[in-house]
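Here the structure is laid out as C-alpha cells; the discussion comes afterwards.
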There are 2 protein chains.
Amino acid sequence: MPEASDGLRVAALSPEIVIGDLDGNLARIRDAIVAAGRRDARLIVLPELAVSGYVFADRTEAETMAITVDDERWDAVRAVIPADAVVVVGYAEKVGGQLYNSAAVLTRDARLADYRKAHLWGAEKLVFDHGTEAGLVVDTSFGRLGVAICYDNEFPEVPRRLALAGADVLALPVNWPLVPRPEGEHAPELIQAMASARSSRLPVVIADRWGSERGVDWTDGTAIIDERGWIVAFRAVMGATATLSRAAVREKSLPPHNHLFDDRRADLY
Amino acid sequence: MPEASDGLRVAALSPEIVIGDLDGNLARIRDAIVAAGRRDARLIVLPELAVSGYVFADRTEAETMAITVDDERWDAVRAVIPADAVVVVGYAEKVGGQLYNSAAVLTRDARLADYRKAHLWGAEKLVFDHGTEAGLVVDTSFGRLGVAICYDNEFPEVPRRLALAGADVLALPVNWPLVPRPEGEHAPELIQAMASARSSRLPVVIADRWGSERGVDWTDGTAIIDERGWIVAFRAVMGATATLSRAAVREKSLPPHNHLFDDRRADLY
C-alpha cells in the first residue's frame, strides 16, 4: 500500500443520466460527488456529457441542453465539492454560436479548466465543433491532471502526449456504446486504456454510462486503471474508488537498464 | 469469411529454441516453416533471437552466437520457404564490430530486409547496438509488411508509425519474460498489441517463446491478433495460424462519420 502522503484517492462515478433533464442530472451529479467525498476521493470523475445526456436528435436539440461556463447552476455543483478535491464532469458547452463536447475541471473555489473534445465520434461531428487541444493537463493541489474525453483516448498520441507533459493521472469521461466482444474479453476501449496506462505509467479514471439512452446501450465500463495497466476498481454506479501511488506513477524507470520515456527514439518517429 | 483473393493466411511459430545451439535451432526453424507451408501460410513469423537463443551471459558470448546476413546457413532456411511465402525470424546479427538484435525478412528467392531492433530491453543494452529505424515496412508479394521486435511495440509510436506507412500486417518476433498478472488477464504486452492493432487496424502476428532459458520463464504469448484487436489464434508450438482480411485491414473508415487516420489531429500532437 502506498503511504498516505503518496496515495491519491480517486473515484469514477456513474449516476443516472437522463437526456435533457439538466436539473435532475445536476442533482444526481451533486449527490455522487458528496458520496465520493465521504470516501475521501480527491479526484472525482463523471461521464462525458453527464449534464445533458448524449444521444441528441440534432444540433438544434443539443443547443437547448448546452450551458455556458458562467451558468449559475455550476455554483451549486462547486458548493458540494470537498475542499481538497477536483471534479471532472462532462457537459455540452455553449460559447457564442459554438457548441463543444466539454469537460469542466472544478474545485470548490475555482474553475480550473474546460477541455473541449478534439476527436469527435460519429454524429458528434454533426452536433459539436472540434476542440483545439488534444487533451489537456492542468495543475491541481494533488499533482498534474490530464483530461481527455472518450474517443480522444483511442488515438495513442493523446495519452502519450499528456504523460510526456507530466500528467500524474488521466481523467477520462466517456460514453462508450456497447459493441460486441469475444467472451471473456474487456471492452475494446478499456483494453486501449489499459495499454495506454502501461505504456506511460499513466493511470486512467474512466467514468462511463450504464443502461441505455434512445436505443443506445452503454458499455458500463466505469473503471480505474493503475499505472501498471491493471483494473483496480470496476463498475459501480455510485462510485468506483481506488488509491493510486503518485510515486509509482512518477517513476518512469524500469531498472536496471530501461526508462519508459528516455527509451523513446523520438528522433526516429 | 474473407474471399480467397482477400484472405492472408499467417502463422506464428514457436519451435524449441536452445541457447547457443544454432544448427539445432535452424533445423527446428526449418521444420516449423515446412509445417506452416503445409497450412498455406504466406506470412510465417518466428521468435526474436530464434536462431541464437536470448539469455546471453554477456556481449562476448552473444558474439559467438551471432551470424552475418551472408552466413551460408541462411541458404538452407530459404530453401524450405514456400514459393509465395515470407518468413520473419529473429537472430543475433554480426556486422563488423557491431551486434544487433535483428529480424531477417526472407523469401525463397530473396532476402527482403533485416530489421535491427531500435528499443533494447534490459541487458540487451549491454549486448547489442541500437538499430536506426523504429520498425520498418517492406513490400512483399502479399502486401506491405511491418516488422518490429518485442519491446519496440510497447512504444505506441512504433505500430502507429508502421500503420501510417501502409503496413497491412505487423510481424512481431518477441521473447516475453513471464511477469505477474491478475487472474483472467492477458499478458500486458499482449494487451498492448491488442490495443495497437485496434487503434490502426493493424493485425499483429506474434511469435513468443515458451518454457524457460537460463532461469527466465517465457510468457508463451504466441498469438495472432486481427485488425479489430481480437486474438484469433493463440499458443501453438508448431504454429498458430489464421486468415486475415486485407480488405478489412485497409479500410480505415468507421462509417458514417469517422476514419481512424483522417480523424487524427496531427496538428495538435
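By convention in this document, the chains of the C-alpha cells carry letters A, B, ... by their order, each chain's residues are numbered from 1, and ligands are numbered from 1 in the order they are shown.
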| message | Residues of chain A within 7 Å of chain B, counting only C-alpha atoms - could you list those as JSON, numbers by chain? | response | {"A": [119, 121, 122, 123, 133, 134, 154, 155, 156, 157, 161, 191, 192, 195, 199, 256, 257, 258, 263, 268, 269]}
Prev. selection, N, CA and C atoms, output as an mmCIF file, in the first residue's frame:
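The result, stored in selection_10.cif:
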data_model
loop_
_atom_site.group_PDB
_atom_site.id
_atom_site.type_symbol
_atom_site.label_atom_id
_atom_site.label_comp_id
_atom_site.auth_asym_id
_atom_site.auth_seq_id
_atom_site.Cartn_x
_atom_site.Cartn_y
_atom_site.Cartn_z
ATOM 1 N N HIS A 119 -11.377 14.939 -30.719
ATOM 2 C CA HIS A 119 -11.689 13.855 -31.651
ATOM 3 C C HIS A 119 -13.165 13.510 -31.472
ATOM 4 N N TRP A 121 -16.701 11.664 -32.204
ATOM 5 C CA TRP A 121 -17.147 10.343 -32.646
ATOM 6 C C TRP A 121 -18.528 10.440 -33.298
ATOM 7 N N GLY A 122 -18.674 9.779 -34.438
ATOM 8 C CA GLY A 122 -19.982 9.583 -35.054
ATOM 9 C C GLY A 122 -20.739 10.882 -35.252
ATOM 10 N N ALA A 123 -22.023 10.868 -34.864
ATOM 11 C CA ALA A 123 -22.895 12.016 -35.095
ATOM 12 C C ALA A 123 -22.472 13.238 -34.283
ATOM 13 N N GLU A 133 -7.319 21.492 -28.648
ATOM 14 C CA GLU A 133 -6.235 20.856 -27.904
ATOM 15 C C GLU A 133 -6.531 19.366 -27.850
ATOM 16 N N ALA A 134 -5.505 18.544 -27.999
ATOM 17 C CA ALA A 134 -5.699 17.093 -27.971
ATOM 18 C C ALA A 134 -5.489 16.583 -26.551
ATOM 19 N N GLU A 154 -8.581 6.882 -27.900
ATOM 20 C CA GLU A 154 -8.334 5.806 -28.858
ATOM 21 C C GLU A 154 -7.263 6.204 -29.868
ATOM 22 N N PHE A 155 -6.797 7.427 -29.742
ATOM 23 C CA PHE A 155 -5.652 7.893 -30.528
ATOM 24 C C PHE A 155 -4.444 7.805 -29.605
ATOM 25 N N PRO A 156 -3.543 6.851 -29.838
ATOM 26 C CA PRO A 156 -2.460 6.633 -28.870
ATOM 27 C C PRO A 156 -1.601 7.870 -28.659
ATOM 28 N N GLU A 157 -1.674 8.788 -29.607
ATOM 29 C CA GLU A 157 -0.926 10.033 -29.453
ATOM 30 C C GLU A 157 -1.382 10.833 -28.224
ATOM 31 N N ARG A 161 0.979 11.965 -25.201
ATOM 32 C CA ARG A 161 1.274 13.393 -25.138
ATOM 33 C C ARG A 161 1.038 13.930 -23.715
ATOM 34 N N ILE A 191 -9.463 -1.948 -23.154
ATOM 35 C CA ILE A 191 -8.160 -2.532 -23.484
ATOM 36 C C ILE A 191 -7.210 -1.430 -23.950
ATOM 37 N N GLN A 192 -7.729 -0.516 -24.754
ATOM 38 C CA GLN A 192 -6.864 0.584 -25.201
ATOM 39 C C GLN A 192 -6.412 1.457 -24.027
ATOM 40 N N ALA A 195 -3.709 -0.344 -22.106
ATOM 41 C CA ALA A 195 -2.440 -0.285 -22.830
ATOM 42 C C ALA A 195 -1.799 1.091 -22.703
ATOM 43 N N SER A 199 1.877 1.877 -21.094
ATOM 44 C CA SER A 199 2.933 2.435 -21.948
ATOM 45 C C SER A 199 3.628 3.618 -21.284
ATOM 46 N N PRO A 256 17.179 -2.530 -14.311
ATOM 47 C CA PRO A 256 18.312 -1.614 -14.154
ATOM 48 C C PRO A 256 18.653 -0.830 -15.428
ATOM 49 N N HIS A 257 18.024 -1.137 -16.550
ATOM 50 C CA HIS A 257 18.548 -0.578 -17.805
ATOM 51 C C HIS A 257 17.558 0.266 -18.592
ATOM 52 N N ASN A 258 16.302 0.344 -18.139
ATOM 53 C CA ASN A 258 15.302 0.953 -19.015
ATOM 54 C C ASN A 258 14.548 2.103 -18.375
ATOM 55 N N ASP A 263 13.758 5.839 -23.148
ATOM 56 C CA ASP A 263 13.970 4.809 -24.180
ATOM 57 C C ASP A 263 13.253 5.137 -25.489
ATOM 58 N N LEU A 268 13.435 8.970 -34.292
ATOM 59 C CA LEU A 268 13.082 8.004 -35.349
ATOM 60 C C LEU A 268 11.582 7.989 -35.669
ATOM 61 N N TYR A 269 10.788 8.731 -34.905
ATOM 62 C CA TYR A 269 9.340 8.648 -35.126
ATOM 63 C C TYR A 269 8.875 9.754 -36.089
#
| request: Would you kindly return, as a list in words, each protein, DNA or RNA residue with an atom no farther than 7 Å from any atom of Asn101 of chain A, considering only C-alpha atoms and excluding same-chain residues fewer than 2 positions away? | output: Leu49, Tyr91, Ala92, Glu93, Arg116, Lys117 and Phe128 of chain A
| request: Show which residues sit within 12 Å of Leu244 of chain B, as a ChimeraX atom specification. Count only C-alpha atoms, and ignore same-chain residues fewer than 5 positions away. | output: /B:1-11,41-43,142,168-170,201-205,224-233,249-250
The coordinates of chain B, once least-squares superposed on chain A over all sequentially paired C-alpha atoms, should be supplied as a short mmCIF file (atom, residue, chain, number, x, y, z; two decimals) with C-alpha atoms, in the first residue's frame.
data_model
loop_
_atom_site.label_atom_id
_atom_site.label_comp_id
_atom_site.auth_asym_id
_atom_site.auth_seq_id
_atom_site.Cartn_x
_atom_site.Cartn_y
_atom_site.Cartn_z
CA MET B 1 0.11 0.06 0.02
CA PRO B 2 1.34 3.54 -0.79
CA GLU B 3 1.97 5.93 2.10
CA ALA B 4 -0.81 8.33 2.96
CA SER B 5 1.23 11.24 1.66
CA ASP B 6 1.81 9.39 -1.61
CA GLY B 7 -1.64 7.90 -2.07
CA LEU B 8 -4.08 9.61 -4.38
CA ARG B 9 -7.65 8.55 -3.75
CA VAL B 10 -9.70 8.68 -6.96
CA ALA B 11 -13.32 7.96 -7.80
CA ALA B 12 -15.15 7.27 -11.04
CA LEU B 13 -18.87 7.91 -10.77
CA SER B 14 -21.79 6.94 -12.95
CA PRO B 15 -25.04 8.40 -11.63
CA GLU B 16 -28.21 8.01 -13.66
CA ILE B 17 -28.24 10.46 -16.56
CA VAL B 18 -31.50 11.37 -18.33
CA ILE B 19 -31.18 13.17 -21.64
CA GLY B 20 -32.35 16.75 -21.41
CA ASP B 21 -33.01 16.62 -17.66
CA LEU B 22 -30.28 19.08 -16.76
CA ASP B 23 -31.56 19.89 -13.30
CA GLY B 24 -32.14 16.25 -12.42
CA ASN B 25 -28.75 15.24 -13.79
CA LEU B 26 -27.04 18.02 -11.86
CA ALA B 27 -28.79 16.93 -8.67
CA ARG B 28 -27.62 13.36 -9.15
CA ILE B 29 -24.11 14.56 -10.01
CA ARG B 30 -24.05 16.55 -6.77
CA ASP B 31 -25.21 13.51 -4.78
CA ALA B 32 -22.50 11.39 -6.37
CA ILE B 33 -19.83 13.98 -5.57
CA VAL B 34 -20.98 14.05 -1.96
CA ALA B 35 -20.81 10.25 -1.78
CA ALA B 36 -17.30 10.23 -3.26
CA GLY B 37 -16.27 12.91 -0.80
CA ARG B 38 -17.33 10.65 2.06
CA ARG B 39 -14.83 8.15 0.69
CA ASP B 40 -12.09 10.78 0.69
CA ALA B 41 -11.72 10.98 -3.07
CA ARG B 42 -9.52 13.84 -4.24
CA LEU B 43 -10.14 13.25 -7.94
CA ILE B 44 -13.78 12.64 -8.86
CA VAL B 45 -14.64 11.86 -12.49
CA LEU B 46 -18.12 11.81 -14.03
CA PRO B 47 -19.14 10.74 -17.56
CA GLU B 48 -18.93 12.60 -20.82
CA LEU B 49 -21.95 14.86 -21.33
CA ALA B 50 -23.22 13.90 -17.88
CA VAL B 51 -25.08 17.19 -17.50
CA SER B 52 -27.01 16.90 -20.77
CA GLY B 53 -27.12 13.28 -21.87
CA TYR B 54 -25.59 12.11 -25.13
CA VAL B 55 -27.94 10.93 -27.89
CA PHE B 56 -29.10 14.26 -29.31
CA ALA B 57 -31.61 14.35 -32.16
CA ASP B 58 -29.54 17.06 -33.82
CA ARG B 59 -27.48 20.17 -33.15
CA THR B 60 -30.55 22.26 -32.53
CA GLU B 61 -31.66 19.99 -29.73
CA ALA B 62 -28.14 19.85 -28.31
CA GLU B 63 -28.09 23.63 -28.18
CA THR B 64 -31.10 23.54 -25.86
CA MET B 65 -29.17 21.22 -23.51
CA ALA B 66 -25.92 23.18 -23.60
CA ILE B 67 -24.79 25.62 -20.94
CA THR B 68 -22.04 28.20 -20.65
CA VAL B 69 -19.14 28.22 -18.22
CA ASP B 70 -20.96 31.09 -16.48
CA ASP B 71 -24.22 29.24 -15.93
CA GLU B 72 -25.20 29.80 -12.31
CA ARG B 73 -26.02 26.11 -11.87
CA TRP B 74 -22.28 25.42 -11.67
CA ASP B 75 -22.26 27.20 -8.30
CA ALA B 76 -24.40 24.48 -6.75
CA VAL B 77 -22.08 21.82 -8.14
CA ARG B 78 -18.98 23.54 -6.81
CA ALA B 79 -20.58 24.04 -3.41
CA VAL B 80 -20.63 20.29 -2.70
CA ILE B 81 -17.05 19.58 -3.81
CA PRO B 82 -14.85 18.64 -0.84
CA ALA B 83 -12.27 21.31 -0.02
CA ASP B 84 -9.27 19.45 -1.42
CA ALA B 85 -10.97 17.64 -4.31
CA VAL B 86 -11.10 18.13 -8.06
CA VAL B 87 -14.16 17.17 -10.11
CA VAL B 88 -14.12 16.44 -13.85
CA VAL B 89 -17.59 16.36 -15.39
CA GLY B 90 -18.77 16.31 -18.99
CA TYR B 91 -21.29 18.78 -20.39
CA ALA B 92 -22.40 20.39 -23.65
CA GLU B 93 -20.73 23.79 -23.68
CA LYS B 94 -22.21 26.80 -25.44
CA VAL B 95 -19.76 29.57 -26.40
CA GLY B 96 -21.46 32.14 -28.57
CA GLY B 97 -22.48 30.20 -31.68
CA GLN B 98 -20.10 27.35 -30.94
CA LEU B 99 -21.01 24.09 -29.25
CA TYR B 100 -18.43 21.81 -27.64
CA ASN B 101 -18.37 18.38 -26.03
CA SER B 102 -16.54 19.64 -22.95
CA ALA B 103 -15.28 18.54 -19.57
CA ALA B 104 -15.28 21.05 -16.72
CA VAL B 105 -12.43 20.77 -14.21
CA LEU B 106 -13.76 22.20 -10.96
CA THR B 107 -12.81 22.71 -7.35
CA ARG B 108 -14.94 24.24 -4.65
CA ASP B 109 -13.07 27.50 -5.08
CA ALA B 110 -12.18 27.67 -8.74
CA ARG B 111 -12.94 26.61 -12.25
CA LEU B 112 -9.55 25.19 -13.24
CA ALA B 113 -10.21 24.44 -16.91
CA ASP B 114 -12.69 23.42 -19.55
CA TYR B 115 -11.43 20.83 -22.00
CA ARG B 116 -13.15 20.65 -25.40
CA LYS B 117 -13.05 17.24 -27.08
CA ALA B 118 -10.74 17.22 -30.09
CA HIS B 119 -11.69 13.88 -31.66
CA LEU B 120 -15.43 13.71 -32.29
CA TRP B 121 -17.16 10.35 -32.66
CA GLY B 122 -19.98 9.58 -35.07
CA ALA B 123 -22.88 12.02 -35.11
CA GLU B 124 -20.99 14.25 -32.68
CA LYS B 125 -19.48 15.69 -35.84
CA LEU B 126 -22.94 16.94 -36.81
CA VAL B 127 -23.55 18.41 -33.37
CA PHE B 128 -20.30 19.77 -31.95
CA ASP B 129 -17.38 21.90 -32.99
CA HIS B 130 -13.89 20.46 -32.63
CA GLY B 131 -11.72 21.48 -29.71
CA THR B 132 -8.28 22.85 -30.43
CA GLU B 133 -6.23 20.86 -27.91
CA ALA B 134 -5.69 17.09 -27.97
CA GLY B 135 -6.34 16.57 -24.26
CA LEU B 136 -5.00 18.98 -21.68
CA VAL B 137 -3.02 19.00 -18.46
CA VAL B 138 -3.89 21.19 -15.51
CA ASP B 139 -2.04 21.62 -12.23
CA THR B 140 -4.07 20.78 -9.14
CA SER B 141 -3.46 20.51 -5.42
CA PHE B 142 -2.66 16.80 -5.77
CA GLY B 143 -0.50 16.96 -8.89
CA ARG B 144 -0.80 17.35 -12.62
CA LEU B 145 -4.11 16.15 -14.01
CA GLY B 146 -4.60 15.04 -17.61
CA VAL B 147 -8.06 15.32 -19.15
CA ALA B 148 -9.36 13.73 -22.35
CA ILE B 149 -12.81 12.62 -23.48
CA CYS B 150 -13.82 9.20 -24.81
CA TYR B 151 -12.69 8.78 -28.47
CA ASP B 152 -9.69 11.06 -27.76
CA ASN B 153 -8.06 8.18 -25.89
CA GLU B 154 -8.35 5.82 -28.85
CA PHE B 155 -5.65 7.91 -30.52
CA PRO B 156 -2.48 6.64 -28.86
CA GLU B 157 -0.93 10.04 -29.45
CA VAL B 158 -3.23 11.61 -26.84
CA PRO B 159 -2.41 9.74 -23.61
CA ARG B 160 1.25 9.64 -24.63
CA ARG B 161 1.27 13.39 -25.13
CA LEU B 162 -0.37 14.02 -21.76
CA ALA B 163 2.01 11.65 -19.97
CA LEU B 164 5.01 13.35 -21.56
CA ALA B 165 3.54 16.67 -20.38
CA GLY B 166 3.77 15.33 -16.83
CA ALA B 167 0.24 14.12 -16.13
CA ASP B 168 0.03 12.07 -12.91
CA VAL B 169 -3.38 10.67 -13.76
CA LEU B 170 -5.80 10.86 -16.68
CA ALA B 171 -9.45 11.74 -16.07
CA LEU B 172 -11.43 10.17 -18.90
CA PRO B 173 -15.16 10.89 -19.07
CA VAL B 174 -16.69 8.57 -21.69
CA ASN B 175 -19.94 7.37 -23.20
CA TRP B 176 -18.98 4.02 -24.68
CA PRO B 177 -21.71 2.49 -26.85
CA LEU B 178 -21.78 -1.24 -26.24
CA VAL B 179 -20.10 -3.17 -29.04
CA PRO B 180 -19.73 -6.93 -29.47
CA ARG B 181 -16.63 -8.53 -27.99
CA PRO B 182 -15.40 -12.09 -27.58
CA GLU B 183 -16.40 -13.86 -24.40
CA GLY B 184 -14.05 -13.11 -21.55
CA GLU B 185 -12.57 -9.97 -23.12
CA HIS B 186 -12.85 -6.47 -21.80
CA ALA B 187 -14.51 -3.78 -23.89
CA PRO B 188 -12.08 -2.74 -26.62
CA GLU B 189 -11.91 0.86 -25.42
CA LEU B 190 -10.97 -0.43 -21.97
CA ILE B 191 -8.17 -2.52 -23.49
CA GLN B 192 -6.87 0.60 -25.20
CA ALA B 193 -6.93 2.47 -21.88
CA MET B 194 -5.10 -0.39 -20.12
CA ALA B 195 -2.45 -0.28 -22.83
CA SER B 196 -2.02 3.49 -22.76
CA ALA B 197 -1.74 3.37 -18.97
CA ARG B 198 1.04 0.80 -19.10
CA SER B 199 2.92 2.45 -21.96
CA SER B 200 3.42 5.63 -19.97
CA ARG B 201 2.60 4.65 -16.37
CA LEU B 202 -0.36 6.96 -16.59
CA PRO B 203 -3.35 5.76 -14.50
CA VAL B 204 -6.79 6.32 -16.04
CA VAL B 205 -10.01 7.10 -14.19
CA ILE B 206 -12.87 6.26 -16.53
CA ALA B 207 -16.47 7.26 -15.90
CA ASP B 208 -18.81 5.57 -18.38
CA ARG B 209 -22.59 5.25 -18.69
CA TRP B 210 -24.77 2.20 -17.96
CA GLY B 211 -28.27 1.31 -19.15
CA SER B 212 -29.41 2.81 -22.43
CA GLU B 213 -30.49 6.09 -23.95
CA ARG B 214 -32.70 6.48 -27.03
CA GLY B 215 -31.82 2.98 -28.18
CA VAL B 216 -28.09 3.17 -27.49
CA ASP B 217 -26.86 0.63 -24.93
CA TRP B 218 -23.87 1.72 -22.89
CA THR B 219 -20.86 -0.41 -22.03
CA ASP B 220 -20.86 0.21 -18.27
CA GLY B 221 -17.09 0.46 -18.50
CA THR B 222 -16.57 2.66 -15.45
CA ALA B 223 -13.14 1.65 -14.17
CA ILE B 224 -9.96 2.77 -12.50
CA ILE B 225 -6.77 1.57 -14.17
CA ASP B 226 -3.49 1.85 -12.29
CA GLU B 227 -0.10 2.80 -13.65
CA ARG B 228 0.69 -0.83 -14.49
CA GLY B 229 -2.35 -1.00 -16.74
CA TRP B 230 -4.46 -3.18 -14.44
CA ILE B 231 -8.07 -2.56 -13.49
CA VAL B 232 -8.15 -1.89 -9.75
CA ALA B 233 -11.80 -0.87 -9.44
CA PHE B 234 -14.65 -1.53 -11.79
CA ARG B 235 -18.31 -0.76 -12.41
CA ALA B 236 -20.04 0.86 -9.49
CA VAL B 237 -22.94 3.20 -10.05
CA MET B 238 -22.21 5.39 -7.08
CA GLY B 239 -18.48 5.29 -7.43
CA ALA B 240 -15.57 3.02 -8.09
CA THR B 241 -12.81 4.20 -5.78
CA ALA B 242 -9.15 3.29 -5.54
CA THR B 243 -5.94 4.67 -4.15
CA LEU B 244 -3.16 5.29 -6.65
CA SER B 245 0.50 5.83 -5.83
CA ARG B 246 1.88 9.09 -7.14
CA ALA B 247 5.42 7.86 -6.56
CA ALA B 248 4.77 4.80 -8.71
CA VAL B 249 3.26 6.98 -11.43
CA ARG B 250 6.18 9.37 -11.47
CA GLU B 251 8.82 6.63 -11.59
CA LYS B 252 9.23 6.01 -15.30
CA SER B 253 12.41 3.95 -14.96
CA LEU B 254 12.46 0.19 -15.40
CA PRO B 255 15.63 -0.82 -13.57
CA PRO B 256 18.34 -1.63 -14.20
CA HIS B 257 18.57 -0.60 -17.85
CA ASN B 258 15.30 0.94 -19.06
CA HIS B 259 13.13 4.02 -18.83
CA LEU B 260 9.71 4.35 -20.45
CA PHE B 261 10.34 7.88 -21.66
CA ASP B 262 14.12 8.00 -22.14
CA ASP B 263 13.96 4.80 -24.21
CA ARG B 264 11.75 6.53 -26.74
CA ARG B 265 13.60 7.03 -30.02
CA ALA B 266 11.90 10.31 -30.77
CA ASP B 267 14.47 11.02 -33.47
CA LEU B 268 13.11 8.01 -35.38
CA TYR B 269 9.36 8.66 -35.15
#
| query | Which parts of segment 29-130 of chain B does DSSP call strand (DSSP E or B) when run on the backbone here, written out as a PyMOL selection string? | reply | chain B and resi 43-45+67+86-95+98-106+111-116
| Could you pull out all residues of segment 11-259 of chain A with a DSSP call of helix (DSSP H, G or I) and give them as a ChimeraX atom specification? | /A:22-38,59-64,73-79,124-127,150-154,157-164,188-200,246-250
